[in-house]
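K.L.:
Next up is a structure, given as structure tokens.
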Amino acid sequence: MNENVTIIAEAGVNHNGDIGLAKKLIDVAARANVDYVKFQTFRADSLVSRDAKMAEYQETNTKSKNSQHELLKKLELSHDQHVLLMKYAFSKGVRFFSTAFDVEGLEYLSSLGFEMFKSPSGEITNYPYLRKLSELCKPVILSTGMSTLNEIKDALEVLTSKTLTLNDITVLHCNTEYPTPYEDVNLGAMQTIADECKVKVGYSDHTLGIEVPIAAVTLGAKVIEKHFTLDRDMEGPDHAASLEPDELIAMVKAIRNIERAMSGNSQKEPSPSEIKNQSIARKSIHLLRPLEKGETISESDLIPLRPGDGISPMEWEQIIGKEVSLDLPMYHKLSFEDLR
């Protein structure tokens with residue numbers, strides 16, 4: 001990951017099992033200039049039981065009463081498809097990424113040369129999975145939807161039990177509802193995680209729109225993950241809570257602009273771009289009436305007027321009572337050479 005905010009465009013299973021659609025999603029991610037385009041690596045047989053029910057949002061978005069197994073079986077990516085998509089993403093200038101859901105999946109992604117791993121929210125209590133991550137000696141991004149702070153701490157204890165340190169881990173605040181109601185985001189919890197767990201933090205977003213991930217960046221998120229699709233009206237479990245292409249592009253641009261806005265030295269001082277406007281916007285002391293040489297200046301003789309390249313009105317009290325050294329016209333901009 002780079003020093004800037006790492007933006008992960010989550011294609012997930014929005015390819016609907018169609019490799020052509022998956023490639024189009026990569027095209028969108030590349031056009032949006034994200035850091036990673038992320039898919040999901042799983043085998044339905046080792047992920048869910050045959051009779052595991054779908055989540056309410058899955059039933060709503062798929063308009064189906066099938067089991068999770070039936071749903072996910074259609075969304076698996078084969079080895080050849082993984083390799084094809086990795087090569088295609090490379091050709092488009094975006095890094096390919098994926099989430100595994102079991103130990104075998106982690107080993108598989110490791111065999112593909114992955115430089116880091118992403119633990120999904122559902123695996124935060126999966127001890128064998130977390131233990132395997134701790135052994136792979138690669139940075140980990142840990143999603144925390146549905147979890148408590150103590151569960152996060154327990155997961156971190158497992159992750160750091162072998163080769164990893166807290167510096168290798170980024171914890172993403174997350175809410176696992178698709179879409180997430182704004183009132184359930186609880187964005188302040190991200191900072192609580194940072195303070196309590198002493199880790200880098202980020203945010204995995206499932207709200208509609210781009211406002212919340214942008215806000216998360218201003219609060220210190222180092223990683224932003226966001227689902228995207230070609231069309232929210234497509235059939236599938238995650239399309240309805242995903243950004244469409246133009247929205248993804250807008251989110252990335254906004255985050256990069258915020259990064260630039262937050263890149264200063266934190267000192268309150270005039271910036272190079274605004275210094276030239278000081279004399280234009282500020283005022284200096286002018287005369288409200290003509291004065292003859294030797295006259296004493298009273299407060300009623302003065303007025304602050306633009307431009308501000310003369311004596312500052314902050315010297316107001318020091319000017320009152322001074323004598324002028326020559327005849328001066330009305331609205332004359334005073335200088336210290338005019339006084340004695």
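Identifiers in the structure tokens: chain A, B, ... in order shown; residue index from 1 per chain; ligand index from 1 in order shown.
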Leaving out region 195-210 of chain A and any residue of its chain fewer than 6 positions from it, which residues lie within 6 Å of it when counting only C-alpha atoms, given as number ranges by chain?
P.N.:
A: 166, 170-174, 178-180, 221-226, 251
K.L.:
Create the file for the chosen residues now, containing N, CA and C atoms and written as a PDB file, in the first residue's frame.
P.N.:
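Output file selection.pdb is given in full below:
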```
ATOM      1  N   LEU A 166       1.462  -5.286  14.745  1.00  0.00           N
ATOM      2  CA  LEU A 166       0.334  -4.373  14.517  1.00  0.00           C
ATOM      3  C   LEU A 166       0.614  -3.424  13.362  1.00  0.00           C
ATOM      4  N   THR A 170      -4.031  -3.280   8.912  1.00  0.00           N
ATOM      5  CA  THR A 170      -4.952  -2.142   8.819  1.00  0.00           C
ATOM      6  C   THR A 170      -6.354  -2.657   9.097  1.00  0.00           C
ATOM      7  N   VAL A 171      -7.022  -2.053  10.059  1.00  0.00           N
ATOM      8  CA  VAL A 171      -8.361  -2.501  10.459  1.00  0.00           C
ATOM      9  C   VAL A 171      -9.408  -1.579   9.841  1.00  0.00           C
ATOM     10  N   LEU A 172     -10.341  -2.182   9.116  1.00  0.00           N
ATOM     11  CA  LEU A 172     -11.401  -1.407   8.473  1.00  0.00           C
ATOM     12  C   LEU A 172     -12.672  -1.432   9.312  1.00  0.00           C
ATOM     13  N   HIS A 173     -13.129  -0.257   9.705  1.00  0.00           N
ATOM     14  CA  HIS A 173     -14.480  -0.170  10.268  1.00  0.00           C
ATOM     15  C   HIS A 173     -15.451  -0.513   9.152  1.00  0.00           C
ATOM     16  N   CYS A 174     -16.539  -1.188   9.492  1.00  0.00           N
ATOM     17  CA  CYS A 174     -17.453  -1.669   8.450  1.00  0.00           C
ATOM     18  C   CYS A 174     -18.798  -1.983   9.075  1.00  0.00           C
ATOM     19  N   TYR A 178     -26.456  -4.291   3.435  1.00  0.00           N
ATOM     20  CA  TYR A 178     -26.335  -3.834   2.054  1.00  0.00           C
ATOM     21  C   TYR A 178     -27.685  -3.352   1.532  1.00  0.00           C
ATOM     22  N   PRO A 179     -27.923  -2.054   1.417  1.00  0.00           N
ATOM     23  CA  PRO A 179     -27.037  -0.959   1.808  1.00  0.00           C
ATOM     24  C   PRO A 179     -27.144  -0.662   3.304  1.00  0.00           C
ATOM     25  N   THR A 180     -26.113  -0.032   3.842  1.00  0.00           N
ATOM     26  CA  THR A 180     -26.088   0.349   5.248  1.00  0.00           C
ATOM     27  C   THR A 180     -26.871   1.646   5.453  1.00  0.00           C
ATOM     28  N   ALA A 221      -8.865   7.701   7.645  1.00  0.00           N
ATOM     29  CA  ALA A 221      -8.852   6.397   6.984  1.00  0.00           C
ATOM     30  C   ALA A 221      -7.678   6.303   6.020  1.00  0.00           C
ATOM     31  N   LYS A 222      -6.926   5.215   6.105  1.00  0.00           N
ATOM     32  CA  LYS A 222      -5.798   4.967   5.215  1.00  0.00           C
ATOM     33  C   LYS A 222      -6.167   4.027   4.072  1.00  0.00           C
ATOM     34  N   VAL A 223      -7.299   3.335   4.220  1.00  0.00           N
ATOM     35  CA  VAL A 223      -7.810   2.443   3.177  1.00  0.00           C
ATOM     36  C   VAL A 223      -9.299   2.688   3.044  1.00  0.00           C
ATOM     37  N   ILE A 224      -9.761   2.796   1.802  1.00  0.00           N
ATOM     38  CA  ILE A 224     -11.192   2.880   1.523  1.00  0.00           C
ATOM     39  C   ILE A 224     -11.545   1.743   0.574  1.00  0.00           C
ATOM     40  N   GLU A 225     -12.565   0.987   0.953  1.00  0.00           N
ATOM     41  CA  GLU A 225     -13.067  -0.087   0.101  1.00  0.00           C
ATOM     42  C   GLU A 225     -14.522   0.202  -0.227  1.00  0.00           C
ATOM     43  N   LYS A 226     -14.874   0.042  -1.491  1.00  0.00           N
ATOM     44  CA  LYS A 226     -16.243   0.368  -1.903  1.00  0.00           C
ATOM     45  C   LYS A 226     -16.673  -0.546  -3.040  1.00  0.00           C
ATOM     46  N   MET A 251     -15.954   9.471  -6.618  1.00  0.00           N
ATOM     47  CA  MET A 251     -15.437   9.197  -5.276  1.00  0.00           C
ATOM     48  C   MET A 251     -13.920   9.265  -5.251  1.00  0.00           C
TER      49      MET A 251
END
```
K.L.:
So which residues touch Ile152 (chain A) within 12 Å, counting only C-alpha atoms, skipping near sequence neighbours fewer than 3 positions away, as a PyMOL selection string?
P.N.:
chain A and resi 119+121+123-126+130+142-149+155-159+169-174+189-190+192-194+196-199
K.L.:
Please return, as a compact mmCIF listing (two decimals) with N, CA and C atoms, in the first residue's frame, all residues of region 10-169 of chain A that DSSP assigns to alpha helix (DSSP H) on the basis of the backbone.
P.N.:
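See result16.txt below for the written result:
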```txt
# COMPACT_ATOMS: atom_id res chain seq x y z
N ILE A 19 -17.23 -13.90 -17.14
CA ILE A 19 -15.87 -13.37 -17.22
C ILE A 19 -15.80 -12.10 -18.06
N GLY A 20 -16.67 -11.98 -19.04
CA GLY A 20 -16.73 -10.76 -19.84
C GLY A 20 -17.15 -9.57 -19.00
N LEU A 21 -18.10 -9.80 -18.13
CA LEU A 21 -18.56 -8.76 -17.21
C LEU A 21 -17.46 -8.40 -16.22
N ALA A 22 -16.73 -9.41 -15.76
CA ALA A 22 -15.61 -9.16 -14.85
C ALA A 22 -14.56 -8.26 -15.50
N LYS A 23 -14.28 -8.48 -16.75
CA LYS A 23 -13.30 -7.65 -17.46
C LYS A 23 -13.81 -6.22 -17.61
N LYS A 24 -15.11 -6.06 -17.83
CA LYS A 24 -15.68 -4.71 -17.92
C LYS A 24 -15.56 -3.99 -16.58
N LEU A 25 -15.71 -4.72 -15.49
CA LEU A 25 -15.54 -4.12 -14.17
C LEU A 25 -14.09 -3.66 -13.97
N ILE A 26 -13.15 -4.43 -14.45
CA ILE A 26 -11.75 -4.03 -14.38
C ILE A 26 -11.53 -2.77 -15.21
N ASP A 27 -12.16 -2.68 -16.36
CA ASP A 27 -12.05 -1.47 -17.19
C ASP A 27 -12.51 -0.24 -16.41
N VAL A 28 -13.63 -0.37 -15.72
CA VAL A 28 -14.16 0.74 -14.94
C VAL A 28 -13.20 1.12 -13.82
N ALA A 29 -12.68 0.13 -13.11
CA ALA A 29 -11.75 0.39 -12.01
C ALA A 29 -10.50 1.10 -12.51
N ALA A 30 -10.00 0.68 -13.66
CA ALA A 30 -8.82 1.32 -14.23
C ALA A 30 -9.12 2.76 -14.62
N ARG A 31 -10.29 2.96 -15.21
CA ARG A 31 -10.66 4.32 -15.63
C ARG A 31 -10.83 5.25 -14.42
N ALA A 32 -11.24 4.69 -13.30
CA ALA A 32 -11.43 5.49 -12.08
C ALA A 32 -10.12 5.75 -11.35
N ALA A 44 -17.91 -22.70 -3.05
CA ALA A 44 -19.15 -22.75 -2.27
C ALA A 44 -19.17 -23.96 -1.34
N ASP A 45 -18.60 -25.08 -1.80
CA ASP A 45 -18.63 -26.31 -1.00
C ASP A 45 -17.89 -26.16 0.32
N SER A 46 -16.85 -25.31 0.35
CA SER A 46 -16.07 -25.14 1.58
C SER A 46 -16.39 -23.83 2.30
N LEU A 47 -17.40 -23.12 1.81
CA LEU A 47 -17.77 -21.84 2.42
C LEU A 47 -19.07 -21.93 3.20
N GLU A 56 -31.15 -11.57 4.40
CA GLU A 56 -32.33 -10.86 3.92
C GLU A 56 -32.01 -9.99 2.71
N TYR A 57 -30.87 -9.28 2.76
CA TYR A 57 -30.52 -8.42 1.63
C TYR A 57 -30.24 -9.24 0.37
N GLN A 58 -29.68 -10.47 0.54
CA GLN A 58 -29.43 -11.33 -0.61
C GLN A 58 -30.73 -11.78 -1.26
N GLU A 59 -31.70 -12.15 -0.43
CA GLU A 59 -33.01 -12.54 -0.97
C GLU A 59 -33.65 -11.38 -1.70
N THR A 60 -33.56 -10.18 -1.09
CA THR A 60 -34.18 -9.00 -1.70
C THR A 60 -33.52 -8.66 -3.03
N ASN A 61 -32.19 -8.67 -3.06
CA ASN A 61 -31.47 -8.24 -4.25
C ASN A 61 -31.46 -9.29 -5.36
N THR A 62 -31.60 -10.57 -5.01
CA THR A 62 -31.61 -11.62 -6.04
C THR A 62 -33.03 -12.05 -6.40
N GLN A 68 -27.76 -20.13 0.22
CA GLN A 68 -26.49 -19.45 -0.06
C GLN A 68 -25.63 -20.30 -0.98
N HIS A 69 -25.64 -21.60 -0.77
CA HIS A 69 -24.80 -22.49 -1.57
C HIS A 69 -25.16 -22.39 -3.06
N GLU A 70 -26.45 -22.42 -3.35
CA GLU A 70 -26.88 -22.31 -4.74
C GLU A 70 -26.48 -20.97 -5.34
N LEU A 71 -26.60 -19.91 -4.55
CA LEU A 71 -26.24 -18.57 -5.02
C LEU A 71 -24.75 -18.49 -5.33
N LEU A 72 -23.92 -18.94 -4.37
CA LEU A 72 -22.48 -18.76 -4.48
C LEU A 72 -21.85 -19.70 -5.49
N LYS A 73 -22.45 -20.87 -5.69
CA LYS A 73 -21.89 -21.83 -6.64
C LYS A 73 -21.78 -21.21 -8.03
N HIS A 79 -9.42 -21.26 -11.44
CA HIS A 79 -8.01 -20.86 -11.50
C HIS A 79 -7.71 -20.13 -12.81
N ASP A 80 -8.16 -20.69 -13.92
CA ASP A 80 -7.90 -20.06 -15.21
C ASP A 80 -8.49 -18.65 -15.27
N GLN A 81 -9.66 -18.49 -14.68
CA GLN A 81 -10.29 -17.16 -14.66
C GLN A 81 -9.51 -16.19 -13.77
N HIS A 82 -9.02 -16.66 -12.64
CA HIS A 82 -8.17 -15.83 -11.79
C HIS A 82 -6.96 -15.32 -12.59
N VAL A 83 -6.28 -16.24 -13.25
CA VAL A 83 -5.07 -15.87 -14.00
C VAL A 83 -5.41 -14.91 -15.13
N LEU A 84 -6.50 -15.19 -15.82
CA LEU A 84 -6.91 -14.32 -16.93
C LEU A 84 -7.19 -12.91 -16.42
N LEU A 85 -7.92 -12.81 -15.31
CA LEU A 85 -8.29 -11.50 -14.78
C LEU A 85 -7.07 -10.76 -14.22
N MET A 86 -6.15 -11.49 -13.61
CA MET A 86 -4.93 -10.87 -13.13
C MET A 86 -4.15 -10.25 -14.28
N LYS A 87 -4.00 -10.99 -15.36
CA LYS A 87 -3.27 -10.49 -16.52
C LYS A 87 -4.01 -9.32 -17.15
N TYR A 88 -5.32 -9.42 -17.20
CA TYR A 88 -6.10 -8.34 -17.81
C TYR A 88 -5.98 -7.06 -16.99
N ALA A 89 -6.07 -7.19 -15.65
CA ALA A 89 -5.93 -6.01 -14.80
C ALA A 89 -4.56 -5.38 -14.97
N PHE A 90 -3.52 -6.21 -15.03
CA PHE A 90 -2.16 -5.71 -15.23
C PHE A 90 -2.07 -4.92 -16.54
N SER A 91 -2.71 -5.43 -17.58
CA SER A 91 -2.66 -4.75 -18.88
C SER A 91 -3.38 -3.41 -18.85
N VAL A 103 -8.83 -21.23 4.68
CA VAL A 103 -7.38 -21.43 4.69
C VAL A 103 -6.88 -21.83 3.30
N GLU A 104 -7.62 -22.72 2.64
CA GLU A 104 -7.21 -23.15 1.31
C GLU A 104 -7.18 -21.98 0.34
N GLY A 105 -8.15 -21.09 0.48
CA GLY A 105 -8.18 -19.91 -0.38
C GLY A 105 -7.00 -19.00 -0.14
N LEU A 106 -6.61 -18.84 1.11
CA LEU A 106 -5.43 -18.03 1.44
C LEU A 106 -4.17 -18.64 0.82
N GLU A 107 -4.05 -19.95 0.94
CA GLU A 107 -2.89 -20.62 0.36
C GLU A 107 -2.87 -20.46 -1.16
N TYR A 108 -4.05 -20.51 -1.76
CA TYR A 108 -4.14 -20.34 -3.21
C TYR A 108 -3.71 -18.93 -3.62
N LEU A 109 -4.23 -17.92 -2.94
CA LEU A 109 -3.85 -16.55 -3.28
C LEU A 109 -2.36 -16.32 -3.02
N SER A 110 -1.83 -16.94 -2.00
CA SER A 110 -0.40 -16.82 -1.73
C SER A 110 0.41 -17.41 -2.88
N SER A 111 -0.09 -18.51 -3.46
CA SER A 111 0.61 -19.14 -4.59
C SER A 111 0.59 -18.26 -5.83
N TYR A 127 -10.81 -18.71 13.77
CA TYR A 127 -9.45 -18.85 14.32
C TYR A 127 -8.47 -19.49 13.34
N PRO A 128 -8.79 -20.63 12.70
CA PRO A 128 -7.82 -21.22 11.78
C PRO A 128 -7.44 -20.28 10.63
N TYR A 129 -8.42 -19.52 10.17
CA TYR A 129 -8.19 -18.56 9.08
C TYR A 129 -7.24 -17.46 9.54
N LEU A 130 -7.51 -16.89 10.71
CA LEU A 130 -6.66 -15.81 11.24
C LEU A 130 -5.26 -16.33 11.54
N ARG A 131 -5.18 -17.56 12.06
CA ARG A 131 -3.87 -18.14 12.35
C ARG A 131 -3.05 -18.30 11.07
N LYS A 132 -3.72 -18.70 9.99
CA LYS A 132 -3.02 -18.84 8.71
C LYS A 132 -2.51 -17.49 8.22
N LEU A 133 -3.32 -16.46 8.36
CA LEU A 133 -2.87 -15.12 7.97
C LEU A 133 -1.64 -14.72 8.77
N SER A 134 -1.61 -15.10 10.03
CA SER A 134 -0.48 -14.71 10.88
C SER A 134 0.81 -15.39 10.44
N GLU A 135 0.69 -16.50 9.69
CA GLU A 135 1.86 -17.26 9.26
C GLU A 135 2.38 -16.84 7.89
N LEU A 149 -15.56 -4.40 19.73
CA LEU A 149 -14.17 -4.01 19.91
C LEU A 149 -13.36 -5.17 20.49
N ASN A 150 -13.94 -5.92 21.43
CA ASN A 150 -13.23 -7.04 22.01
C ASN A 150 -12.95 -8.14 20.99
N GLU A 151 -13.88 -8.35 20.06
CA GLU A 151 -13.65 -9.34 19.01
C GLU A 151 -12.51 -8.89 18.09
N ILE A 152 -12.43 -7.59 17.83
CA ILE A 152 -11.32 -7.06 17.03
C ILE A 152 -10.00 -7.30 17.75
N LYS A 153 -9.98 -7.02 19.04
CA LYS A 153 -8.75 -7.23 19.82
C LYS A 153 -8.36 -8.71 19.84
N ASP A 154 -9.34 -9.59 19.95
CA ASP A 154 -9.05 -11.03 19.93
C ASP A 154 -8.46 -11.44 18.58
N ALA A 155 -9.03 -10.90 17.50
CA ALA A 155 -8.52 -11.23 16.16
C ALA A 155 -7.10 -10.71 15.98
N LEU A 156 -6.84 -9.52 16.48
CA LEU A 156 -5.49 -8.95 16.37
C LEU A 156 -4.48 -9.77 17.16
N GLU A 157 -4.92 -10.32 18.28
CA GLU A 157 -4.02 -11.15 19.08
C GLU A 157 -3.60 -12.40 18.29
N VAL A 158 -4.56 -12.99 17.57
CA VAL A 158 -4.24 -14.16 16.74
C VAL A 158 -3.35 -13.75 15.57
N LEU A 159 -3.70 -12.65 14.92
CA LEU A 159 -2.93 -12.21 13.74
C LEU A 159 -1.48 -11.90 14.08
```
K.L.:
Write down as an NGL selection string the residues of region 26-223 of chain A whose backbone DSSP state falls under strand (DSSP E).
P.N.:
:A and (36-41 or 95-100 or 117-119 or 140-143 or 169-174 or 200-205 or 223)
K.L.:
Quick one: distance from CA of Lys92 (chain A) to CA of Val212 (chain A) in Å, one decimal?
P.N.:
28.1 Å
K.L.:
Set the distance at 12 Å and use only C-alpha atoms: which residues neighbour Asp233 (chain A) once local chain neighbours fewer than 5 positions away are removed? I'd like the list as a PyMOL selection string.
P.N.:
chain A and resi 14+61-63+238-244
K.L.:
Write out the residues from the selection above, keeping N, CA and C atoms, as a PDB file, in the first residue's frame.
P.N.:
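The new file selection-v5.pdb reads:
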```pdb
ATOM      1  N   ASN A  14     -19.936  -9.132  -8.320  1.00  0.00           N
ATOM      2  CA  ASN A  14     -20.782  -8.394  -9.260  1.00  0.00           C
ATOM      3  C   ASN A  14     -20.506  -8.739 -10.718  1.00  0.00           C
ATOM      4  N   ASN A  61     -32.189  -8.675  -3.061  1.00  0.00           N
ATOM      5  CA  ASN A  61     -31.467  -8.240  -4.254  1.00  0.00           C
ATOM      6  C   ASN A  61     -31.461  -9.286  -5.362  1.00  0.00           C
ATOM      7  N   THR A  62     -31.598 -10.568  -5.013  1.00  0.00           N
ATOM      8  CA  THR A  62     -31.613 -11.616  -6.035  1.00  0.00           C
ATOM      9  C   THR A  62     -33.026 -12.050  -6.397  1.00  0.00           C
ATOM     10  N   LYS A  63     -33.998 -11.579  -5.587  1.00  0.00           N
ATOM     11  CA  LYS A  63     -35.395 -11.980  -5.791  1.00  0.00           C
ATOM     12  C   LYS A  63     -35.510 -13.504  -5.829  1.00  0.00           C
ATOM     13  N   ASP A 238     -25.137  -8.057  -4.525  1.00  0.00           N
ATOM     14  CA  ASP A 238     -24.444  -6.846  -4.075  1.00  0.00           C
ATOM     15  C   ASP A 238     -24.619  -5.626  -4.988  1.00  0.00           C
ATOM     16  N   HIS A 239     -25.270  -5.800  -6.125  1.00  0.00           N
ATOM     17  CA  HIS A 239     -25.376  -4.680  -7.073  1.00  0.00           C
ATOM     18  C   HIS A 239     -26.088  -3.472  -6.479  1.00  0.00           C
ATOM     19  N   ALA A 240     -27.156  -3.721  -5.726  1.00  0.00           N
ATOM     20  CA  ALA A 240     -27.999  -2.621  -5.235  1.00  0.00           C
ATOM     21  C   ALA A 240     -27.251  -1.692  -4.291  1.00  0.00           C
ATOM     22  N   ALA A 241     -26.216  -2.197  -3.615  1.00  0.00           N
ATOM     23  CA  ALA A 241     -25.463  -1.371  -2.664  1.00  0.00           C
ATOM     24  C   ALA A 241     -24.114  -0.951  -3.232  1.00  0.00           C
ATOM     25  N   SER A 242     -23.991  -0.937  -4.545  1.00  0.00           N
ATOM     26  CA  SER A 242     -22.717  -0.632  -5.198  1.00  0.00           C
ATOM     27  C   SER A 242     -22.785   0.684  -5.955  1.00  0.00           C
ATOM     28  N   LEU A 243     -21.618   1.289  -6.171  1.00  0.00           N
ATOM     29  CA  LEU A 243     -21.529   2.488  -6.989  1.00  0.00           C
ATOM     30  C   LEU A 243     -21.563   2.126  -8.458  1.00  0.00           C
ATOM     31  N   GLU A 244     -22.150   2.996  -9.245  1.00  0.00           N
ATOM     32  CA  GLU A 244     -22.057   2.858 -10.698  1.00  0.00           C
ATOM     33  C   GLU A 244     -20.786   3.570 -11.175  1.00  0.00           C
TER      34      GLU A 244
END
```
K.L.:
As a VMD selection string, please: the residues near His332 (chain A) (cut-off 9 Å, only C-alpha atoms, same-chain neighbours under 5 positions excluded).
P.N.:
chain A and resid 285 to 290
K.L.:
Could you check how far CA of Gln278 (chain A) sits from CA of Val324 (chain A), in Å to one decimal?
P.N.:
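Spanning CA of Gln278 (chain A) to CA of Val324 (chain A) is a straight-line distance of 26.8 Å.
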K.L.:
Please compute the CA of Ala9 (chain A)-CA of Arg43 (chain A) distance, one decimal, in Å.
P.N.:
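Separating CA of Ala9 (chain A) from CA of Arg43 (chain A) is a distance of 21.9 Å.
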K.L.:
Within 6 Å of Val140 (chain A), counting only C-alpha atoms, which residues qualify if same-chain residues fewer than 6 places away don't, as a PyMOL selection string?
P.N.:
chain A and resi 116-118+169
K.L.:
Would you mind exporting N, CA and C atoms of the selected residues as a PDB file, in the first residue's frame?
P.N.:
```pdb
ATOM      1  N   MET A 116      -0.399  -8.829  -0.189  1.00  0.00           N
ATOM      2  CA  MET A 116      -1.129  -8.611   1.055  1.00  0.00           C
ATOM      3  C   MET A 116      -2.432  -9.378   0.976  1.00  0.00           C
ATOM      4  N   PHE A 117      -3.124  -9.480   2.101  1.00  0.00           N
ATOM      5  CA  PHE A 117      -4.352 -10.249   2.164  1.00  0.00           C
ATOM      6  C   PHE A 117      -5.452  -9.429   2.828  1.00  0.00           C
ATOM      7  N   LYS A 118      -6.682  -9.732   2.444  1.00  0.00           N
ATOM      8  CA  LYS A 118      -7.847  -9.051   3.004  1.00  0.00           C
ATOM      9  C   LYS A 118      -8.723 -10.078   3.702  1.00  0.00           C
ATOM     10  N   ILE A 169      -0.879  -4.440   9.988  1.00  0.00           N
ATOM     11  CA  ILE A 169      -2.324  -4.656   9.918  1.00  0.00           C
ATOM     12  C   ILE A 169      -3.065  -3.326   9.813  1.00  0.00           C
TER      13      ILE A 169
END
```
K.L.:
Determine the nearest neighbour of Thr218 (chain A) from the options A:Lys322, A:Arg256, A:Lys38, A:Lys162, counting only C-alpha atoms.
P.N.:
A:Arg256
K.L.:
For Thr296 (chain A), list every protein, DNA or RNA residue within 10 Å, evaluated using only C-alpha atoms, and leave out those in the same chain fewer than 6 positions away; present the list as a short mmCIF file (atom, residue, chain, number, x, y, z; two decimals) with N, CA, C and O atoms, in the first residue's frame.
P.N.:
```cif
data_model
loop_
_atom_site.label_atom_id
_atom_site.label_comp_id
_atom_site.auth_asym_id
_atom_site.auth_seq_id
_atom_site.Cartn_x
_atom_site.Cartn_y
_atom_site.Cartn_z
N ILE A 319 -1.71 56.02 15.20
CA ILE A 319 -1.75 57.10 14.20
C ILE A 319 -2.47 58.32 14.76
O ILE A 319 -2.12 59.47 14.45
N ILE A 320 -3.50 58.08 15.57
CA ILE A 320 -4.25 59.20 16.14
C ILE A 320 -3.31 60.06 17.00
O ILE A 320 -2.55 59.54 17.82
N GLY A 321 -3.36 61.36 16.80
CA GLY A 321 -2.52 62.29 17.55
C GLY A 321 -1.22 62.66 16.86
O GLY A 321 -0.51 63.57 17.31
N LYS A 322 -0.90 61.97 15.74
CA LYS A 322 0.29 62.32 14.97
C LYS A 322 0.00 63.56 14.11
O LYS A 322 -1.14 63.82 13.72
N GLU A 323 1.07 64.31 13.80
CA GLU A 323 0.95 65.45 12.87
C GLU A 323 1.36 65.00 11.47
O GLU A 323 2.24 64.14 11.32
N VAL A 324 0.68 65.59 10.46
CA VAL A 324 1.08 65.28 9.09
C VAL A 324 2.23 66.21 8.69
O VAL A 324 2.30 67.38 9.11
N SER A 325 3.16 65.70 7.88
CA SER A 325 4.38 66.44 7.53
C SER A 325 4.25 67.22 6.23
O SER A 325 5.17 67.92 5.82
N LEU A 339 3.99 61.28 8.33
CA LEU A 339 3.74 61.63 9.73
C LEU A 339 5.02 62.14 10.41
O LEU A 339 6.13 61.84 10.00
N ARG A 340 4.79 62.92 11.50
CA ARG A 340 5.91 63.36 12.32
C ARG A 340 5.46 63.47 13.77
O ARG A 340 4.31 63.43 14.08
#
```
